[in-house]
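**Q** Below: one structure in C-alpha cells.
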Amino acid sequence: MSIEFALDQAAARVSAPTTLRRPMGLDQLPTPALVLERAAMERNMRKMADHVHAAGKGFRPHSKTHKCPTIAKLQVQMGAVGICAAKISEAAIMLEAGIPSVLITSPIATPTKAQALNSLLGTYPDCELLLVVDSEQGLAALQEAIAPERRLGLLVDIDLSMGRTGTREVDTMLRLIDAVMNDVRFEFRGIQHYAGHLMHIEDYSKRRDKSLASWSRLDEFFTALAGRGISPEIVTGGGTGTYDVDVAVERLTDIQVGSYIFMDEEYRVLASSGASRFEDFELALTVACSTISQPQSKTITVDGGYKAFASDSVNPVCDDLPGVEFRFAGDEHGVLILGEGQQEVRLGQVLRFAAPHCDPTVNLHDYYWILEDDGLVHSVWPISARGCSW
Ligand SMILES: Cc1ncc(COP(=O)(O)O)c(C=O)c1O
C-alpha cells in the first residue's frame, strides 16, 4: 500500500454530521453506542477556554481524544490557537476538514512518513502544518523528502523523564535548530514538552509539584537558547491532569489538553485541587449498553466488552447504578455484579457507562450519537479519524 493510497483513503472519509430524520431515545440506540451530551461537552470547552484565556495563555487541544473534525471546529471557534494531532493520518483528516493549523505531536523518522508530510504540504498549502522533531535522523528524513517550494514548521520535542519521545540533550536541540534555521524549507517554531506520565498522579499536590518541577527543569534548554538569542514563539505541552497547574508556567504559550471535553473514569478517580475526585469537567461521553442476559440472579450481562470500551486500568462505571461493579466478560460482553437491593436492573434496559479511558474507547466506534438537552439523540457525528494511528 503506497502512502498516497493511505492519504487518499483518509481524505475520502466522511466527516460531516448527519441530522436524524426522527430524533430517537437512548433506548432505540444500536448498542453498544458512544453517546455524547453536546451541551455538557460545550460547557467543558467553554470552561477550559475561559480558564486559559484568563491566565493569558492559549490552548491547542489534542484531536487524539475525539478524532472528529466537527469537534475540532468547535474548539477553533472557541479560540484554540490550533489543533494537535498525534500522527500524520489524524492530521490529514483535520486538514481535509479545513482546520487551519495542525501540530503533529509525535516525531517521525522514516522516509515513508516524510513523504506523507511532503504530500500533505502540497495538498493543503493554505493550512499551517507543524511537526515535532527530536533527532537528526528524523530531520534527515525530512530534508530528503520535502520539496524545495514547501514550508514546514518544526518544534523541538524535549523529554525530561517520561522516556517516550523528545531529546534530553541540549546539544541535540541546538544542532537541530541550527540545521532547521539553515534550510529555507523549514521554520523553527518552538518547543514541545509533554510530561504525560504525570497526568494521572492521584494526589493533586504531588501532581502539581512534579509538573512544575518538570517545567523548571527545562531551564537549561532555555538558557542555551537565550545564549543564541533565540526566544521560541511556541512553548506547548501539558494535558488535562495539569490544566490548572501548567498555565502558571511563564514560558508556556499553550496547553495541549485533550480529555477535558469528555472526561473518563481514569481522570475522575484522581483528586483535583480542593476535591477528592477530579470533576472540574463534566462527564459528557458515555457508552450505552443493553442488558441482554441473566444466567444468575446476582449478575446481569450487557452487550459491551473490550470492543466497546478500551481499558488500561479501571473498569467502566454506571453513574445511575452506584455500587454496581462492571467486570469485562470478553470482547463483546460485560457482567454487572448486582449487590443486595440492586436487583432492579432488568433485561432489555439501556444503561450508560463512563469509559475507563476516553481516547482509545473513541477509537473503537464509528460515530458519536449526539444527545441534546431534551433527552433525545438528534444527530450523528462521524469519528472520521477512527483507526488513524499511522
Ligand atoms: C503529546 C500529548 N499532548 C497532549 C495530550 C492530552 O492529554 P489529556 O488527554 O490528558 O489532556 C496527550 C495525550 O495523551 C499527548 O500524548
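By convention here, the chains of the C-alpha cells are called A, B, ... in the order presented, each chain's residues are numbered starting at 1, and ligands are numbered starting at 1 in the order presented.
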Run DSSP on the backbone and grab whatever in stretch 21-241 of chain A lands in alpha helix (DSSP H); send it over as number ranges by chain.
**A** A: 38-54, 69-77, 88-96, 111-123, 136-145, 170-181, 204-216, 219-227
**Q** Using only C-alpha atoms and all ligand atoms, which residues have at least one atom no more than 8 Å from ligand 1? Output them as a ChimeraX atom specification.
**A** /A:61-62,64-65,84,86,105-106,194,196,199,237-241,243,255-260,359
**Q** Take the selection from the previous step and output its residues with N, CA and C atoms, as a PDB file, in the first residue's frame.
**A**
ATOM      1  N   PRO A  61      -5.875  22.215  21.608  1.00  0.00           N
ATOM      2  CA  PRO A  61      -6.442  20.952  22.064  1.00  0.00           C
ATOM      3  C   PRO A  61      -6.054  19.771  21.184  1.00  0.00           C
ATOM      4  N   HIS A  62      -5.972  18.613  21.836  1.00  0.00           N
ATOM      5  CA  HIS A  62      -5.489  17.425  21.128  1.00  0.00           C
ATOM      6  C   HIS A  62      -6.642  16.649  20.499  1.00  0.00           C
ATOM      7  N   LYS A  64      -6.394  13.757  19.277  1.00  0.00           N
ATOM      8  CA  LYS A  64      -6.285  12.322  19.532  1.00  0.00           C
ATOM      9  C   LYS A  64      -7.418  11.844  20.425  1.00  0.00           C
ATOM     10  N   THR A  65      -7.997  12.752  21.217  1.00  0.00           N
ATOM     11  CA  THR A  65      -9.100  12.371  22.100  1.00  0.00           C
ATOM     12  C   THR A  65     -10.367  12.115  21.297  1.00  0.00           C
ATOM     13  N   CYS A  84      -3.928  19.878  17.885  1.00  0.00           N
ATOM     14  CA  CYS A  84      -2.862  18.872  17.849  1.00  0.00           C
ATOM     15  C   CYS A  84      -3.397  17.591  17.221  1.00  0.00           C
ATOM     16  N   ALA A  86      -1.986  13.390  16.849  1.00  0.00           N
ATOM     17  CA  ALA A  86      -0.919  12.515  17.329  1.00  0.00           C
ATOM     18  C   ALA A  86      -0.049  12.037  16.171  1.00  0.00           C
ATOM     19  N   THR A 105       2.172  15.884  17.147  1.00  0.00           N
ATOM     20  CA  THR A 105       2.936  15.903  18.403  1.00  0.00           C
ATOM     21  C   THR A 105       3.874  14.709  18.574  1.00  0.00           C
ATOM     22  N   SER A 106       3.952  13.878  17.539  1.00  0.00           N
ATOM     23  CA  SER A 106       4.840  12.717  17.606  1.00  0.00           C
ATOM     24  C   SER A 106       5.862  12.825  16.479  1.00  0.00           C
ATOM     25  N   TYR A 194       5.999  17.492  26.860  1.00  0.00           N
ATOM     26  CA  TYR A 194       4.781  16.837  27.343  1.00  0.00           C
ATOM     27  C   TYR A 194       5.168  15.762  28.360  1.00  0.00           C
ATOM     28  N   GLY A 196       3.499  13.317  30.033  1.00  0.00           N
ATOM     29  CA  GLY A 196       2.253  12.548  30.132  1.00  0.00           C
ATOM     30  C   GLY A 196       2.212  11.607  31.322  1.00  0.00           C
ATOM     31  N   MET A 199       0.278  13.015  34.377  1.00  0.00           N
ATOM     32  CA  MET A 199      -1.134  13.437  34.275  1.00  0.00           C
ATOM     33  C   MET A 199      -2.054  12.685  35.233  1.00  0.00           C
ATOM     34  N   GLY A 237       2.627  22.168  25.648  1.00  0.00           N
ATOM     35  CA  GLY A 237       2.667  20.894  26.378  1.00  0.00           C
ATOM     36  C   GLY A 237       1.545  20.847  27.384  1.00  0.00           C
ATOM     37  N   GLY A 238       1.645  19.883  28.300  1.00  0.00           N
ATOM     38  CA  GLY A 238       0.633  19.756  29.348  1.00  0.00           C
ATOM     39  C   GLY A 238      -0.606  19.038  28.860  1.00  0.00           C
ATOM     40  N   GLY A 239      -1.469  18.690  29.802  1.00  0.00           N
ATOM     41  CA  GLY A 239      -2.701  17.980  29.465  1.00  0.00           C
ATOM     42  C   GLY A 239      -3.762  18.251  30.510  1.00  0.00           C
ATOM     43  N   THR A 240      -4.851  17.519  30.450  1.00  0.00           N
ATOM     44  CA  THR A 240      -5.996  17.757  31.328  1.00  0.00           C
ATOM     45  C   THR A 240      -5.613  17.631  32.820  1.00  0.00           C
ATOM     46  N   GLY A 241      -4.758  16.657  33.137  1.00  0.00           N
ATOM     47  CA  GLY A 241      -4.411  16.419  34.544  1.00  0.00           C
ATOM     48  C   GLY A 241      -3.708  17.584  35.193  1.00  0.00           C
ATOM     49  N   TYR A 243      -4.054  20.900  33.883  1.00  0.00           N
ATOM     50  CA  TYR A 243      -4.541  22.087  33.156  1.00  0.00           C
ATOM     51  C   TYR A 243      -4.509  23.346  34.018  1.00  0.00           C
ATOM     52  N   ILE A 255      -1.509  25.134  26.112  1.00  0.00           N
ATOM     53  CA  ILE A 255      -1.597  23.768  26.651  1.00  0.00           C
ATOM     54  C   ILE A 255      -2.342  22.863  25.667  1.00  0.00           C
ATOM     55  N   GLN A 256      -1.892  21.594  25.684  1.00  0.00           N
ATOM     56  CA  GLN A 256      -2.375  20.608  24.686  1.00  0.00           C
ATOM     57  C   GLN A 256      -3.446  19.700  25.275  1.00  0.00           C
ATOM     58  N   VAL A 257      -4.439  20.273  25.913  1.00  0.00           N
ATOM     59  CA  VAL A 257      -5.437  19.462  26.622  1.00  0.00           C
ATOM     60  C   VAL A 257      -6.294  18.633  25.670  1.00  0.00           C
ATOM     61  N   GLY A 258      -6.581  17.399  26.072  1.00  0.00           N
ATOM     62  CA  GLY A 258      -7.385  16.524  25.214  1.00  0.00           C
ATOM     63  C   GLY A 258      -8.656  16.045  25.885  1.00  0.00           C
ATOM     64  N   SER A 259      -8.508  15.297  26.987  1.00  0.00           N
ATOM     65  CA  SER A 259      -9.639  14.577  27.601  1.00  0.00           C
ATOM     66  C   SER A 259     -10.692  15.465  28.243  1.00  0.00           C
ATOM     67  N   TYR A 260     -10.346  16.727  28.529  1.00  0.00           N
ATOM     68  CA  TYR A 260     -11.269  17.603  29.280  1.00  0.00           C
ATOM     69  C   TYR A 260     -12.645  17.709  28.626  1.00  0.00           C
ATOM     70  N   ASP A 359      -9.831   8.279  25.072  1.00  0.00           N
ATOM     71  CA  ASP A 359      -9.222   8.305  23.724  1.00  0.00           C
ATOM     72  C   ASP A 359      -9.304   6.952  23.002  1.00  0.00           C
TER      73      ASP A 359
END
**Q** Which residues, written as a PyMOL selection string, have at least one atom at most 12 Å from stretch 151-154 of chain A, with only C-alpha atoms counted and residues fewer than 4 positions away on the same chain left out?
**A** chain A and resi 101-108+114+117-122+124-135+138-139+142-143+145-147+173+176-181+183-192+232-235
**Q** List as a list in words the protein and nucleic acid residues near stretch 6-23 of chain A, meaning an atom at most 8 Å away when only C-alpha atoms are counted, but skip any in the same chain fewer than 4 places from it.
**A**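 In the requested format, the answer is Met1, Ser2, Cys68, Pro69, Thr70, Ser89, Ala92, Ile93, Glu96, Ala97, Ala116, Leu376, Val377, His378, Ser379, Val380, Trp381, Pro382, Ile383, Ser384 and Ala385 of chain A.
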**Q** Could you save the residues just selected, with N, CA and C atoms, as an mmCIF file, in the first residue's frame?
**A**
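This is the output file result_30.cif:
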data_model
loop_
_atom_site.group_PDB
_atom_site.id
_atom_site.type_symbol
_atom_site.label_atom_id
_atom_site.label_comp_id
_atom_site.auth_asym_id
_atom_site.auth_seq_id
_atom_site.Cartn_x
_atom_site.Cartn_y
_atom_site.Cartn_z
ATOM 1 N N MET A 1 0.854 -1.200 0.000
ATOM 2 C CA MET A 1 0.000 0.000 0.000
ATOM 3 C C MET A 1 0.887 1.246 0.000
ATOM 4 N N SER A 2 0.743 2.071 -1.027
ATOM 5 C CA SER A 2 1.582 3.254 -1.050
ATOM 6 C C SER A 2 1.015 4.289 -0.088
ATOM 7 N N CYS A 68 -12.445 13.814 15.628
ATOM 8 C CA CYS A 68 -13.669 14.246 14.956
ATOM 9 C C CYS A 68 -13.548 15.716 14.526
ATOM 10 N N PRO A 69 -13.539 15.984 13.212
ATOM 11 C CA PRO A 69 -13.398 17.367 12.739
ATOM 12 C C PRO A 69 -14.494 18.298 13.251
ATOM 13 N N THR A 70 -15.710 17.776 13.446
ATOM 14 C CA THR A 70 -16.794 18.651 13.939
ATOM 15 C C THR A 70 -16.420 19.217 15.312
ATOM 16 N N SER A 89 -1.806 10.650 9.928
ATOM 17 C CA SER A 89 -3.143 10.326 9.397
ATOM 18 C C SER A 89 -4.224 11.135 10.102
ATOM 19 N N ALA A 92 -4.091 14.494 8.653
ATOM 20 C CA ALA A 92 -4.676 14.526 7.304
ATOM 21 C C ALA A 92 -6.177 14.739 7.378
ATOM 22 N N ILE A 93 -6.824 14.065 8.320
ATOM 23 C CA ILE A 93 -8.284 14.198 8.476
ATOM 24 C C ILE A 93 -8.634 15.637 8.873
ATOM 25 N N GLU A 96 -8.010 18.076 5.902
ATOM 26 C CA GLU A 96 -9.038 17.895 4.866
ATOM 27 C C GLU A 96 -10.340 18.585 5.280
ATOM 28 N N ALA A 97 -10.604 18.599 6.586
ATOM 29 C CA ALA A 97 -11.844 19.227 7.080
ATOM 30 C C ALA A 97 -11.713 20.746 7.184
ATOM 31 N N ALA A 116 4.886 11.348 3.220
ATOM 32 C CA ALA A 116 3.476 11.660 3.513
ATOM 33 C C ALA A 116 3.339 13.130 3.915
ATOM 34 N N LEU A 376 -33.104 13.438 23.804
ATOM 35 C CA LEU A 376 -33.185 12.677 22.550
ATOM 36 C C LEU A 376 -31.904 12.840 21.740
ATOM 37 N N VAL A 377 -31.621 11.835 20.955
ATOM 38 C CA VAL A 377 -30.486 11.889 20.032
ATOM 39 C C VAL A 377 -30.985 12.489 18.727
ATOM 40 N N HIS A 378 -30.357 13.611 18.329
ATOM 41 C CA HIS A 378 -30.826 14.312 17.129
ATOM 42 C C HIS A 378 -29.904 14.129 15.930
ATOM 43 N N SER A 379 -28.626 13.846 16.213
ATOM 44 C CA SER A 379 -27.694 13.772 15.090
ATOM 45 C C SER A 379 -26.564 12.793 15.395
ATOM 46 N N VAL A 380 -25.777 12.558 14.356
ATOM 47 C CA VAL A 380 -24.676 11.607 14.440
ATOM 48 C C VAL A 380 -23.435 12.279 13.856
ATOM 49 N N TRP A 381 -22.338 12.242 14.622
ATOM 50 C CA TRP A 381 -21.101 12.859 14.128
ATOM 51 C C TRP A 381 -20.084 11.755 13.870
ATOM 52 N N PRO A 382 -19.578 11.650 12.643
ATOM 53 C CA PRO A 382 -18.601 10.596 12.357
ATOM 54 C C PRO A 382 -17.277 10.802 13.100
ATOM 55 N N ILE A 383 -16.716 9.710 13.557
ATOM 56 C CA ILE A 383 -15.369 9.753 14.174
ATOM 57 C C ILE A 383 -14.401 9.460 13.028
ATOM 58 N N SER A 384 -14.203 10.479 12.212
ATOM 59 C CA SER A 384 -13.531 10.284 10.913
ATOM 60 C C SER A 384 -12.109 9.762 11.043
ATOM 61 N N ALA A 385 -11.424 10.112 12.132
ATOM 62 C CA ALA A 385 -10.028 9.674 12.265
ATOM 63 C C ALA A 385 -9.912 8.379 13.060
#
**Q** Considering only C-alpha atoms, tabulate each residue of stretch 26-87 of chain A that lies at most 7 Å from stretch 280-302 of chain A along with its nearest interatomic pair and the corresponding distance in Å to one decimal; arrange the rows by chain and ascending residue number and present them as CSV.
**A**
residue,atom,partner,partner_atom,distance
A:Thr31,CA,A:Cys289,CA,5.2
A:Pro32,CA,A:Cys289,CA,4.7
A:Ala33,CA,A:Ala288,CA,5.2
A:Leu34,CA,A:Val287,CA,4.6
A:Val35,CA,A:Thr286,CA,5.3
A:Leu36,CA,A:Leu285,CA,4.8
A:Glu37,CA,A:Ala284,CA,5.1
A:Ala40,CA,A:Ala284,CA,5.3
A:Met41,CA,A:Ala284,CA,5.4
A:Asn44,CA,A:Phe281,CA,5.5
